[in-house]
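Pasted below: coords_32.txt, compact mmCIF, C-alpha atoms and all ligand atoms.
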```txt
# COMPACT_ATOMS: atom_id res chain seq x y z
CA MET B 1 -46.89 61.12 5.80
CA GLN B 2 -49.65 62.52 7.99
CA GLU B 3 -48.96 66.05 6.75
CA GLN B 4 -49.19 64.83 3.16
CA ILE B 5 -52.51 63.17 3.85
CA LYS B 6 -53.91 66.32 5.45
CA GLN B 7 -52.78 68.31 2.42
CA ARG B 8 -54.30 65.86 -0.01
CA LEU B 9 -57.64 65.72 1.81
CA GLU B 10 -57.68 69.49 1.99
CA ASN B 11 -57.17 69.55 -1.75
CA ILE B 12 -59.92 66.97 -2.39
CA ILE B 13 -62.34 68.99 -0.31
CA SER B 14 -61.57 72.34 -1.89
CA THR B 15 -61.69 71.13 -5.49
CA MET B 16 -64.59 68.68 -4.84
CA THR B 17 -63.93 66.96 -8.18
CA GLN B 18 -62.73 63.76 -6.51
CA LEU B 19 -65.78 63.53 -4.27
CA PRO B 20 -68.43 61.05 -5.45
CA SER B 21 -71.29 62.30 -7.66
CA ILE B 22 -74.94 61.44 -8.00
CA PRO B 23 -77.38 62.75 -10.63
CA ASP B 24 -78.58 66.37 -10.17
CA VAL B 25 -82.17 65.22 -10.27
CA VAL B 26 -81.81 63.92 -6.69
CA SER B 27 -81.30 67.32 -5.07
CA ARG B 28 -84.01 68.81 -7.27
CA ILE B 29 -86.50 66.19 -6.05
CA ILE B 30 -85.45 66.53 -2.38
CA ASN B 31 -85.87 70.29 -2.51
CA MET B 32 -89.20 70.06 -4.32
CA VAL B 33 -90.57 67.63 -1.76
CA ASN B 34 -89.34 69.81 1.12
CA ASP B 35 -91.31 72.74 -0.30
CA PRO B 36 -94.72 72.79 1.43
CA ASN B 37 -96.36 74.14 -1.74
CA VAL B 38 -95.02 71.39 -3.96
CA ASP B 39 -97.11 70.21 -6.89
CA PHE B 40 -96.97 66.43 -7.01
CA LYS B 41 -97.34 66.42 -10.78
CA ALA B 42 -94.12 68.43 -11.07
CA VAL B 43 -92.26 65.80 -9.03
CA ALA B 44 -93.68 63.01 -11.18
CA ASP B 45 -92.59 64.87 -14.33
CA GLU B 46 -89.10 65.38 -12.96
CA ILE B 47 -88.75 61.65 -12.26
CA ALA B 48 -90.26 60.63 -15.60
CA LYS B 49 -87.46 62.45 -17.45
CA ASP B 50 -85.08 59.72 -16.29
CA GLN B 51 -86.14 56.31 -17.59
CA SER B 52 -83.74 54.17 -15.55
CA LEU B 53 -84.59 56.11 -12.38
CA THR B 54 -88.27 55.49 -13.07
CA THR B 55 -87.73 51.76 -13.54
CA ASN B 56 -85.69 51.45 -10.37
CA ILE B 57 -88.20 53.45 -8.34
CA LEU B 58 -91.06 51.25 -9.47
CA LYS B 59 -89.07 48.14 -8.61
CA LEU B 60 -88.52 49.40 -5.06
CA CYS B 61 -92.12 50.56 -4.62
CA ASN B 62 -93.13 46.96 -5.18
CA SER B 63 -90.46 45.46 -2.92
CA ALA B 64 -91.44 43.80 0.34
CA TYR B 65 -90.34 46.74 2.52
CA PHE B 66 -92.15 49.56 0.67
CA SER B 67 -95.08 47.75 -0.95
CA LYS B 68 -98.57 48.58 0.29
CA GLY B 69 -100.00 45.45 -1.31
CA LYS B 70 -101.24 46.54 -4.72
CA GLU B 71 -98.80 46.48 -7.58
CA ILE B 72 -97.66 49.95 -8.62
CA VAL B 73 -96.97 50.46 -12.33
CA SER B 74 -96.55 54.24 -12.67
CA VAL B 75 -94.73 57.02 -10.83
CA ASP B 76 -98.00 58.95 -10.46
CA ARG B 77 -99.56 55.95 -8.76
CA ALA B 78 -96.45 55.49 -6.62
CA ILE B 79 -96.65 59.06 -5.32
CA VAL B 80 -100.33 58.73 -4.51
CA THR B 81 -99.90 55.38 -2.79
CA LEU B 82 -96.66 55.93 -0.88
CA GLY B 83 -96.62 59.71 -0.55
CA LEU B 84 -94.03 62.23 -1.70
CA LYS B 85 -91.71 61.77 1.27
CA GLU B 86 -91.46 58.04 0.79
CA ILE B 87 -90.82 58.51 -2.95
CA LYS B 88 -88.03 60.92 -2.06
CA ASP B 89 -86.51 58.30 0.27
CA ILE B 90 -86.66 55.80 -2.59
CA VAL B 91 -85.00 58.24 -5.00
CA VAL B 92 -82.08 58.67 -2.58
CA LEU B 93 -81.86 54.92 -2.03
CA VAL B 94 -81.75 54.15 -5.73
CA THR B 95 -79.24 56.84 -6.66
CA CYS B 96 -76.84 56.45 -3.73
CA ARG B 97 -76.55 52.70 -3.93
CA ASN B 98 -73.72 52.79 -6.49
CA VAL B 99 -71.69 55.06 -4.24
CA LEU B 100 -72.34 53.11 -1.03
CA ASP B 101 -72.31 49.40 -1.82
CA LYS B 102 -68.63 49.23 -2.77
CA PRO B 103 -65.98 47.63 -0.57
CA ILE B 104 -64.70 50.18 1.98
CA LEU B 105 -61.19 48.88 2.31
CA GLY B 106 -59.59 51.03 5.01
CA TYR B 107 -62.47 50.22 7.32
CA ASP B 108 -62.32 46.50 6.47
CA LEU B 109 -65.80 46.39 4.98
CA ALA B 110 -66.40 43.98 2.09
CA ALA B 111 -68.63 44.91 -0.87
CA GLY B 112 -72.21 45.36 0.29
CA GLU B 113 -71.44 45.36 4.02
CA MET B 114 -71.72 49.12 4.42
CA TRP B 115 -74.86 49.15 2.29
CA THR B 116 -76.57 46.58 4.53
CA HIS B 117 -75.40 48.58 7.56
CA ASN B 118 -76.85 51.81 6.12
CA LEU B 119 -80.21 50.24 5.30
CA THR B 120 -80.38 48.65 8.75
CA VAL B 121 -79.69 52.00 10.44
CA ALA B 122 -82.26 53.67 8.15
CA ILE B 123 -85.04 51.16 8.87
CA LEU B 124 -84.28 51.08 12.60
CA ALA B 125 -84.15 54.89 12.85
CA LYS B 126 -87.45 55.23 11.00
CA LYS B 127 -89.04 52.68 13.34
CA MET B 128 -87.76 54.64 16.35
CA ALA B 129 -89.18 57.90 14.95
CA MET B 130 -92.58 56.25 14.46
CA ASP B 131 -92.49 54.65 17.91
CA ILE B 132 -91.82 57.98 19.63
CA LYS B 133 -94.64 59.55 17.60
CA ARG B 134 -92.39 61.69 15.42
CA LYS B 135 -93.63 60.59 12.02
CA ASP B 136 -92.52 64.01 10.77
CA LEU B 137 -88.90 62.90 11.25
CA ALA B 138 -89.31 59.48 9.64
CA ASP B 139 -88.06 60.50 6.20
CA ILE B 140 -85.09 62.55 7.46
CA VAL B 141 -83.80 59.77 9.70
CA PHE B 142 -84.38 57.16 6.99
CA THR B 143 -82.50 59.08 4.30
CA GLY B 144 -79.95 60.21 6.87
CA GLY B 145 -79.45 56.59 7.90
CA ILE B 146 -78.73 55.60 4.33
CA ILE B 147 -76.06 58.24 3.77
CA HIS B 148 -74.63 58.83 7.27
CA ASP B 149 -71.26 57.19 6.52
CA VAL B 150 -70.86 58.48 2.94
CA GLY B 151 -67.63 60.21 3.99
CA LYS B 152 -66.02 56.80 4.53
CA THR B 153 -66.10 56.17 0.77
CA VAL B 154 -63.48 58.90 0.33
CA LEU B 155 -61.62 58.61 3.61
CA ALA B 156 -61.16 54.81 3.41
CA LEU B 157 -58.14 55.04 1.16
CA TYR B 158 -56.33 57.22 3.71
CA VAL B 159 -57.53 55.20 6.69
CA ALA B 160 -55.96 52.17 5.00
CA ASN B 161 -52.56 53.84 5.30
CA THR B 162 -53.00 55.28 8.78
CA PHE B 163 -55.10 52.66 10.53
CA LYS B 164 -52.37 51.75 13.04
CA ASP B 165 -51.75 55.42 13.87
CA ILE B 166 -55.46 56.03 14.36
CA MET B 167 -55.78 53.03 16.68
CA LYS B 168 -52.74 54.19 18.60
CA VAL B 169 -54.35 57.58 19.17
CA THR B 170 -57.57 55.94 20.45
CA GLN B 171 -55.47 54.04 22.99
CA GLU B 172 -53.02 56.73 24.02
CA LYS B 173 -55.45 59.62 24.20
CA ALA B 174 -58.49 57.50 25.14
CA VAL B 175 -60.56 59.10 22.39
CA THR B 176 -63.07 57.59 19.97
CA PHE B 177 -62.10 56.45 16.49
CA ILE B 178 -63.83 59.48 14.94
CA ASP B 179 -61.72 61.88 17.05
CA ALA B 180 -58.59 59.90 16.23
CA GLU B 181 -59.38 60.10 12.49
CA LYS B 182 -59.36 63.86 12.82
CA ASP B 183 -56.23 63.85 14.95
CA VAL B 184 -54.28 61.82 12.40
CA MET B 185 -55.74 62.96 9.07
CA GLY B 186 -57.09 66.41 9.86
CA PHE B 187 -60.59 65.31 8.91
CA ASN B 188 -62.99 62.60 10.05
CA HIS B 189 -65.60 60.84 7.93
CA GLN B 190 -68.28 63.25 9.18
CA ASP B 191 -66.31 66.25 7.83
CA ILE B 192 -65.84 64.59 4.45
CA GLY B 193 -69.49 63.47 4.40
CA LEU B 194 -70.61 67.06 4.94
CA LYS B 195 -68.52 68.20 1.97
CA ILE B 196 -70.04 65.48 -0.19
CA LEU B 197 -73.56 66.61 0.74
CA GLU B 198 -72.60 70.20 -0.10
CA LYS B 199 -71.54 68.99 -3.51
CA TRP B 200 -74.81 67.11 -3.86
CA LYS B 201 -76.79 70.23 -2.73
CA PHE B 202 -78.63 68.27 -0.05
CA PRO B 203 -80.71 70.12 2.61
CA ASP B 204 -79.37 71.20 6.02
CA SER B 205 -81.30 68.50 7.90
CA LEU B 206 -79.42 65.73 6.08
CA LYS B 207 -76.14 67.60 6.35
CA ALA B 208 -76.64 67.69 10.12
CA VAL B 209 -77.22 63.93 10.30
CA VAL B 210 -74.10 63.18 8.27
CA ALA B 211 -71.93 65.77 10.04
CA TYR B 212 -72.91 64.91 13.64
CA HIS B 213 -74.04 61.27 13.76
CA HIS B 214 -71.16 60.46 16.13
CA ASN B 215 -71.29 63.84 17.86
CA PRO B 216 -74.97 64.73 18.22
CA GLU B 217 -73.99 67.24 20.93
CA ASN B 218 -72.65 69.53 18.19
CA SER B 219 -75.78 69.38 16.04
CA PRO B 220 -77.77 72.54 15.37
CA LYS B 221 -80.72 72.60 17.80
CA GLU B 222 -83.40 72.29 15.12
CA PHE B 223 -82.05 68.94 13.92
CA TYR B 224 -80.96 67.58 17.30
CA LYS B 225 -83.73 65.01 17.62
CA ALA B 226 -83.25 63.58 14.12
CA VAL B 227 -79.47 63.44 14.57
CA SER B 228 -79.91 61.76 17.97
CA ILE B 229 -82.20 59.09 16.53
CA VAL B 230 -79.71 58.19 13.79
CA HIS B 231 -76.88 58.28 16.36
CA VAL B 232 -78.64 55.73 18.58
CA ALA B 233 -79.72 53.53 15.66
CA ASN B 234 -76.15 53.50 14.35
CA ILE B 235 -74.62 52.46 17.68
CA ILE B 236 -77.18 49.68 18.17
CA THR B 237 -76.57 48.38 14.65
CA LEU B 238 -72.79 48.38 15.20
CA MET B 239 -73.14 46.57 18.52
CA ALA B 240 -75.06 43.83 16.72
CA GLY B 241 -72.04 43.56 14.42
CA VAL B 242 -73.88 44.71 11.28
CA GLY B 243 -71.36 46.64 9.18
CA ILE B 244 -68.85 46.72 12.02
CA GLY B 245 -65.43 47.38 10.53
CA GLY B 246 -61.86 47.86 11.67
CA ASP B 247 -63.02 50.76 13.84
CA GLY B 248 -65.06 48.22 15.82
CA LEU B 249 -66.94 49.69 18.74
CA TYR B 250 -64.36 52.45 19.33
CA HIS B 251 -67.25 54.89 19.43
CA ALA B 252 -69.43 56.47 22.08
CA LEU B 253 -73.11 56.34 22.86
CA ASN B 254 -74.08 59.82 23.95
CA PRO B 255 -76.41 59.62 26.97
CA ASP B 256 -77.90 63.08 26.30
CA ALA B 257 -78.81 62.03 22.77
CA VAL B 258 -80.52 58.93 24.16
CA LYS B 259 -82.43 61.20 26.54
CA GLU B 260 -83.39 63.45 23.61
CA THR B 261 -84.97 60.49 21.79
CA GLY B 262 -86.93 59.58 24.91
CA ILE B 263 -86.09 55.91 24.41
CA SER B 264 -85.86 54.00 27.70
CA ASP B 265 -83.03 51.66 28.68
CA ALA B 266 -85.28 48.65 28.28
CA ASP B 267 -86.37 49.79 24.82
CA LEU B 268 -82.76 50.29 23.73
CA GLU B 269 -82.20 46.62 24.45
CA LYS B 270 -85.42 45.73 22.64
CA TYR B 271 -84.26 47.57 19.51
CA TYR B 272 -80.93 45.77 19.74
CA SER B 273 -82.75 42.44 19.99
CA ILE B 274 -84.70 43.00 16.75
CA VAL B 275 -81.68 43.89 14.61
CA PRO B 276 -81.70 40.41 12.93
CA GLU B 277 -85.27 40.99 11.72
CA ILE B 278 -84.36 44.49 10.48
CA VAL B 279 -81.38 43.08 8.58
CA LYS B 280 -83.76 40.64 6.92
CA GLN B 281 -85.94 43.56 5.82
CA ALA B 282 -82.86 45.45 4.61
CA LYS B 283 -81.77 42.54 2.46
CA GLN B 284 -85.16 42.49 0.72
CA ILE B 285 -84.69 46.06 -0.48
CA MET V 1 -56.81 22.94 1.31
CA ALA V 2 -59.78 24.87 -0.01
CA ASN V 3 -62.59 25.38 2.43
CA GLU V 4 -66.12 26.17 1.34
CA LEU V 5 -67.17 29.45 2.99
CA VAL V 6 -70.48 29.40 4.84
CA ASN V 7 -71.68 32.70 6.32
CA VAL V 8 -73.44 32.58 9.66
CA GLY V 9 -75.62 35.66 10.14
CA VAL V 10 -76.51 37.42 13.36
CA ALA V 11 -78.77 35.18 15.47
CA GLN V 12 -78.13 32.17 13.25
CA LEU V 13 -76.89 28.70 14.06
CA LYS V 14 -75.21 26.41 11.56
CA ILE V 15 -73.30 23.15 11.52
CA GLY V 16 -71.02 21.86 8.81
CA THR V 17 -68.57 19.18 7.75
CA SER V 18 -64.79 19.07 7.37
CA GLU V 19 -64.62 20.73 3.95
CA GLN V 20 -66.44 23.83 5.21
CA MET V 21 -65.43 27.02 6.99
CA LEU V 22 -68.02 28.91 9.02
CA ARG V 23 -67.65 32.70 9.16
CA THR V 24 -69.40 35.34 11.19
CA ILE V 25 -68.86 38.98 12.17
CA LEU V 26 -69.23 39.99 15.79
CA GLY V 27 -69.72 43.17 17.81
CA SER V 28 -71.25 42.66 21.24
CA CYS V 29 -72.59 39.30 20.10
CA VAL V 30 -70.74 36.10 20.95
CA GLY V 31 -69.86 33.36 18.50
CA ILE V 32 -69.79 29.92 20.08
CA CYS V 33 -67.88 27.32 18.07
CA ILE V 34 -68.10 23.66 18.98
CA TYR V 35 -66.04 20.94 17.29
CA ASP V 36 -66.05 17.17 17.48
CA ARG V 37 -62.42 16.22 16.83
CA ASN V 38 -63.33 12.61 16.19
CA LYS V 39 -66.08 13.16 13.61
CA LYS V 40 -64.58 16.39 12.25
CA ILE V 41 -67.97 18.03 12.39
CA GLY V 42 -68.56 21.37 14.00
CA GLY V 43 -71.04 24.17 14.39
CA MET V 44 -71.35 27.81 15.27
CA ALA V 45 -74.00 29.81 17.09
CA HIS V 46 -74.02 33.61 16.75
CA ILE V 47 -75.95 34.83 19.78
CA LEU V 48 -77.18 38.37 20.31
CA LEU V 49 -78.27 38.26 23.93
CA PRO V 50 -77.70 36.04 26.97
CA GLU V 51 -81.15 34.87 27.99
CA ALA V 52 -84.25 33.88 26.00
CA LEU V 53 -86.62 34.54 28.90
CA GLY V 54 -89.34 32.52 27.20
CA SER V 55 -88.76 33.76 23.63
CA ASN V 56 -89.12 31.05 20.99
CA GLN V 57 -86.33 32.51 18.84
CA ILE V 58 -83.85 30.05 20.23
CA GLU V 59 -80.94 31.01 17.93
CA LYS V 60 -80.82 34.53 19.35
CA TYR V 61 -79.96 33.70 22.96
CA ALA V 62 -77.01 31.95 24.55
CA ASP V 63 -79.06 29.86 26.97
CA THR V 64 -81.17 28.33 24.19
CA ALA V 65 -78.82 28.43 21.17
CA ILE V 66 -75.94 26.54 22.79
CA PRO V 67 -78.03 23.52 23.86
CA ALA V 68 -79.65 23.55 20.40
CA LEU V 69 -76.22 23.54 18.75
CA ILE V 70 -75.05 20.65 20.93
CA ASN V 71 -78.22 18.70 20.08
CA LEU V 72 -77.71 19.23 16.36
CA LEU V 73 -74.19 17.85 16.68
CA LEU V 74 -75.34 14.89 18.76
CA LYS V 75 -77.88 14.09 16.05
CA GLN V 76 -75.00 13.92 13.58
CA GLY V 77 -73.44 11.21 15.71
CA CYS V 78 -71.03 13.49 17.58
CA LYS V 79 -70.17 12.62 21.17
CA LYS V 80 -69.86 15.11 23.99
CA GLU V 81 -66.56 13.58 25.12
CA PHE V 82 -64.98 14.55 21.78
CA MET V 83 -66.53 18.02 21.67
CA SER V 84 -64.76 21.19 22.68
CA ALA V 85 -65.66 24.86 22.42
CA LYS V 86 -64.09 28.17 21.51
CA ILE V 87 -65.83 31.52 21.90
CA ALA V 88 -65.21 35.00 20.53
CA GLY V 89 -66.85 38.43 20.60
CA GLY V 90 -68.68 40.17 23.42
CA ALA V 91 -67.15 43.60 22.74
CA SER V 92 -68.45 46.71 24.45
CA MET V 93 -68.75 50.30 23.30
CA PHE V 94 -65.54 52.21 23.93
CA LYS V 95 -67.38 54.99 25.74
CA PHE V 96 -70.59 54.11 27.40
CA LYS V 97 -72.43 54.66 30.62
CA ILE V 98 -71.78 51.19 31.96
CA SER V 99 -74.85 51.43 34.19
CA THR V 100 -77.21 51.02 31.23
CA SER V 101 -78.20 47.45 30.43
CA LEU V 102 -77.17 47.93 26.80
CA GLY V 103 -73.64 48.77 27.96
CA GLN V 104 -73.31 45.42 29.69
CA ILE V 105 -74.58 43.18 26.89
CA GLY V 106 -71.12 42.13 25.69
CA GLU V 107 -70.01 41.10 29.17
CA ARG V 108 -73.29 39.33 29.91
CA ASN V 109 -73.10 37.44 26.61
CA ILE V 110 -69.62 36.15 27.47
CA GLU V 111 -70.54 35.20 31.02
CA VAL V 112 -73.72 33.33 30.18
CA SER V 113 -72.17 31.57 27.17
CA LYS V 114 -69.40 30.19 29.40
CA ASP V 115 -71.88 29.23 32.04
CA ILE V 116 -74.10 27.30 29.62
CA LEU V 117 -71.11 25.48 28.11
CA LYS V 118 -69.97 24.49 31.58
CA LYS V 119 -73.42 23.20 32.51
CA ALA V 120 -73.52 21.20 29.27
CA GLY V 121 -70.15 19.64 30.09
CA ILE V 122 -68.34 21.01 27.02
CA ALA V 123 -64.74 22.10 27.65
CA LEU V 124 -64.00 25.71 26.71
CA LEU V 125 -60.50 25.68 25.23
CA CYS V 126 -60.03 29.32 24.37
CA GLU V 127 -61.73 32.65 24.18
CA ASP V 128 -61.04 35.83 22.26
CA THR V 129 -63.49 38.16 23.95
CA GLY V 130 -64.16 41.63 25.33
CA GLY V 131 -62.55 44.93 24.46
CA SER V 132 -64.08 47.28 21.90
CA THR V 133 -62.99 45.61 18.73
CA GLY V 134 -65.17 44.06 16.05
CA ARG V 135 -64.20 40.54 15.07
CA VAL V 136 -64.44 38.45 11.91
CA ILE V 137 -64.12 34.82 12.90
CA ASP V 138 -63.46 31.84 10.65
CA PHE V 139 -64.06 28.37 12.04
CA PHE V 140 -62.27 25.70 9.97
CA LEU V 141 -63.99 22.36 10.24
CA ASN V 142 -61.19 20.29 8.74
CA ASP V 143 -59.18 20.69 11.94
CA GLY V 144 -61.40 22.79 14.22
CA HIS V 145 -59.10 25.78 14.37
CA LEU V 146 -60.46 29.28 14.79
CA LYS V 147 -59.07 32.36 13.11
CA VAL V 148 -60.01 35.69 14.66
CA LYS V 149 -59.42 38.90 12.75
CA ALA V 150 -59.80 42.01 14.87
CA GLY V 151 -58.72 45.51 13.91
CA GLY V 152 -56.47 44.21 11.14
CA VAL V 153 -54.70 41.68 13.38
CA GLU V 154 -55.11 37.93 12.94
CA GLN V 155 -54.93 35.37 15.69
CA ASN V 156 -55.26 31.59 15.32
CA TYR V 157 -56.46 29.15 17.95
CA TYR V 158 -55.57 25.56 17.12
CA LYS V 159 -56.37 23.58 20.25
CA VAL V 160 -59.25 21.10 19.77
FE FE B 301 -70.04 56.93 11.08
```
How does this structure look as structure tokens?
Amino acid sequence: MQEQIKQRLENIISTMTQLPSIPDVVSRIINMVNDPNVDFKAVADEIAKDQSLTTNILKLCNSAYFSKGKEIVSVDRAIVTLGLKEIKDIVVLVTCRNVLDKPILGYDLAAGEMWTHNLTVAILAKKMAMDIKRKDLADIVFTGGIIHDVGKTVLALYVANTFKDIMKVTQEKAVTFIDAEKDVMGFNHQDIGLKILEKWKFPDSLKAVVAYHHNPENSPKEFYKAVSIVHVANIITLMAGVGIGGDGLYHALNPDAVKETGISDADLEKYYSIVPEIVKQAKQI
Amino acid sequence: MANELVNVGVAQLKIGTSEQMLRTILGSCVGICIYDRNKKIGGMAHILLPEALGSNQIEKYADTAIPALINLLLKQGCKKEFMSAKIAGGASMFKFKISTSLGQIGERNIEVSKDILKKAGIALLCEDTGGSTGRVIDFFLNDGHLKVKAGGVEQNYYKV
């Protein structure tokens, strides 16, 4: 059966048709915003073409987490008030929700549990970036936090059939769940996530977060800090039980990645202790 | 018998009556379930850390949440002599530098929870703790039994 699964996943990856889709406008907006010479009017026009996207963006701009106080009634106003990077984060949030808030059966996550997990990781990672004075990474780690486990949406079906084998490998070979996924199925949810982001034409920074959030040591140097921040935020969120699934805590916290973030031992515990408040924020989004 | 599902979130504390079932999901946190077999009333605390150290968020910490839970039950007319406890959770990361304080949180949560129960004079009847597995726990207040689902395997604890 394992050979069949490897074959099938290989097929899914090479044809890409069975990987989830999001509207093309998302990658266009991400790439526009990443261009230092971007014209904000062009971004506003791009968003305005899609009426339901516009409505959903405005709703989120006025939600407790993103609101800056004054009510925002137009995309132009939203960009001026929140900034292009924050609008880009909101575009990803709005468009990925459908893909990510489903039940993830093989991992034992009920509908909405992974979504709350993702938002919690995103908010926590952004807070960490701000606290260590790396505001420039805030949007990458936020968006990366939202989509880091996107590969699970595809892999879940196969994990459902191989869960016992995967667990057995973690025990017998003393490896993490992510390594055991690869051992049993030929791919882990990071590999599949990377393929999904290729399909979505997302930038390399986000690909790095998705592809290495459990293995920051393999990240390209230029994205190492962002990947490390999401890695740490993810582990802390899992420890607090938020979006913890059948894979439990069969993961690793990489001490070098912690060092890279510059977060002290005491602060790690502090971040862990505020997870309930972050979950509350996440649920308001 | 149908039980009304009540979700207990991280760092929350809830009590309920015999027609209810309290559910929470645990990583390194510990769920403390106390049941009065006479009144058929019980409650659950989902603690995140062992010691409050002066914090006023009493639900978050074992040393403040457990006494608060017992008090809530006493207010409902429960008696300590009929109360008993079950605990679950306190998992640790599979691979972790155990020297870091974060790596020891699961173990510390278990230890302090037991200690506080002992000091309060509540018998601890069973525990499903430690390891690296996440746990979904269901606490049935009609008979006080606890169902623990961990890594696809279910285990029931009936003693009250
Ligand atoms: Fe993951």
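A distance search around ligand FE 301 (chain B) (9 Å at most, only C-alpha atoms and all ligand atoms) returns the following protein and nucleic acid residues: His148, Asp149, Val150, Gly151, Lys152, Ile178, His189, Gln190, Val210, Tyr212, His213, His214, His231 and Asn234 of chain B.
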List the spatial neighbours of region 33-38 of chain V as a PyMOL selection string - criterion: any atom at most 10 Å away, only C-alpha atoms, same-chain residues fewer than 6 positions off excluded. chain V and resi 13-16+22+44-46+66+69-70+73-74+77-88+117+122-124+137-146+160
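Look at everything within 10 Å of (-75.2, 46.4, 16.2) using only C-alpha atoms, and the residues you get are His117, Thr120, Val121, Ala233, Asn234, Ile235, Ile236, Thr237, Leu238, Met239, Ala240, Gly241, Val242, Gly243, Ile244, Leu249, Tyr271, Tyr272, Ser273, Val275 and Pro276 of chain B; Val10, Leu26, Gly27, Ser28, Cys29 and Leu48 of chain V.
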Against chain B, which residues of chain V fall within 8 Å? For each one I want the closest pair of atoms and the distance in Å (one decimal), counting all atoms listed in the file, rows by chain and increasing residue number, as a Markdown table.
```
| residue | atom | partner | partner_atom | distance |
| --- | --- | --- | --- | --- |
| V:Val10 | CA | B:Pro276 | CA | 6.0 |
| V:Ala11 | CA | B:Pro276 | CA | 6.5 |
| V:Ile25 | CA | B:Gly241 | CA | 6.0 |
| V:Leu26 | CA | B:Gly241 | CA | 4.7 |
| V:Gly27 | CA | B:Gly241 | CA | 4.1 |
| V:Ser28 | CA | B:Met239 | CA | 5.1 |
| V:Cys29 | CA | B:Ala240 | CA | 6.2 |
| V:Leu48 | CA | B:Ala240 | CA | 6.9 |
| V:Leu49 | CA | B:Ser273 | CA | 7.3 |
| V:Ala91 | CA | B:Leu249 | CA | 7.3 |
| V:Ser92 | CA | B:Leu249 | CA | 6.6 |
| V:Met93 | CA | B:Leu249 | CA | 4.9 |
| V:Phe94 | CA | B:Tyr250 | CA | 4.8 |
| V:Lys95 | CA | B:Ala252 | CA | 4.4 |
| V:Phe96 | CA | B:Leu253 | CA | 5.7 |
| V:Lys97 | CA | B:Pro255 | CA | 7.3 |
| V:Thr100 | CA | B:Asp265 | CA | 6.4 |
| V:Ser101 | CA | B:Asp265 | CA | 6.6 |
| V:Leu102 | CA | B:Glu269 | CA | 5.7 |
| V:Ser132 | CA | B:Leu249 | CA | 4.9 |
| V:Thr133 | CA | B:Gly248 | CA | 4.4 |
| V:Gly134 | CA | B:Gly248 | CA | 4.2 |
| V:Arg135 | CA | B:Gly248 | CA | 7.8 |
| V:Ala150 | CA | B:Gly246 | CA | 7.0 |
| V:Gly151 | CA | B:Gly246 | CA | 4.5 |
| V:Gly152 | CA | B:Gly246 | CA | 6.5 |
```
Residues from the last selection, C-alpha atoms, saved as a compact mmCIF listing (two decimals), in the coordinates of the input:
```
# COMPACT_ATOMS: atom_id res chain seq x y z
CA VAL V 10 -76.51 37.42 13.36
CA ALA V 11 -78.77 35.18 15.47
CA ILE V 25 -68.86 38.98 12.17
CA LEU V 26 -69.23 39.99 15.79
CA GLY V 27 -69.72 43.17 17.81
CA SER V 28 -71.25 42.66 21.24
CA CYS V 29 -72.59 39.30 20.10
CA LEU V 48 -77.18 38.37 20.31
CA LEU V 49 -78.27 38.26 23.93
CA ALA V 91 -67.15 43.60 22.74
CA SER V 92 -68.45 46.71 24.45
CA MET V 93 -68.75 50.30 23.30
CA PHE V 94 -65.54 52.21 23.93
CA LYS V 95 -67.38 54.99 25.74
CA PHE V 96 -70.59 54.11 27.40
CA LYS V 97 -72.43 54.66 30.62
CA THR V 100 -77.21 51.02 31.23
CA SER V 101 -78.20 47.45 30.43
CA LEU V 102 -77.17 47.93 26.80
CA SER V 132 -64.08 47.28 21.90
CA THR V 133 -62.99 45.61 18.73
CA GLY V 134 -65.17 44.06 16.05
CA ARG V 135 -64.20 40.54 15.07
CA ALA V 150 -59.80 42.01 14.87
CA GLY V 151 -58.72 45.51 13.91
CA GLY V 152 -56.47 44.21 11.14
```
If you count all atoms listed in the file, the residue of B:Ile196, B:Val230, B:Val33, B:Val26 closest to Leu53 (chain B) turns out to be B:Val26
In Å, how far is it from CA of Asn71 (chain V) to CA of Ala52 (chain V)? 17.4 Å
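Our summary of the geometry notes that CA of Val99 (chain B) is positioned 19.1 Å from CA of Ile123 (chain B).
Restricting the calculation to only C-alpha atoms, the smallest distance between Val6 (chain V) and any of V:Asn156, V:Ser18, V:Thr24, V:Ser55 is found for V:Thr24.
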Please produce region 36-40 of chain B, completed to N, CA, C and O atoms, as a short mmCIF file (atom, residue, chain, number, x, y, z; two decimals), keeping the file's coordinate frame.
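Result file follows (out.cif):
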```cif
data_model
loop_
_atom_site.label_atom_id
_atom_site.label_comp_id
_atom_site.auth_asym_id
_atom_site.auth_seq_id
_atom_site.Cartn_x
_atom_site.Cartn_y
_atom_site.Cartn_z
N PRO B 36 -93.34 73.11 1.03
CA PRO B 36 -94.72 72.79 1.43
C PRO B 36 -95.74 73.03 0.31
O PRO B 36 -96.83 72.46 0.35
N ASN B 37 -95.41 73.86 -0.66
CA ASN B 37 -96.36 74.14 -1.74
C ASN B 37 -96.12 73.29 -2.99
O ASN B 37 -96.58 73.63 -4.08
N VAL B 38 -95.40 72.19 -2.80
CA VAL B 38 -95.02 71.39 -3.96
C VAL B 38 -96.24 70.85 -4.71
O VAL B 38 -97.27 70.51 -4.11
N ASP B 39 -96.09 70.79 -6.03
CA ASP B 39 -97.11 70.21 -6.89
C ASP B 39 -96.64 68.79 -7.22
O ASP B 39 -95.57 68.61 -7.79
N PHE B 40 -97.46 67.81 -6.88
CA PHE B 40 -96.97 66.43 -7.01
C PHE B 40 -96.75 66.04 -8.47
O PHE B 40 -95.88 65.26 -8.80
#
```
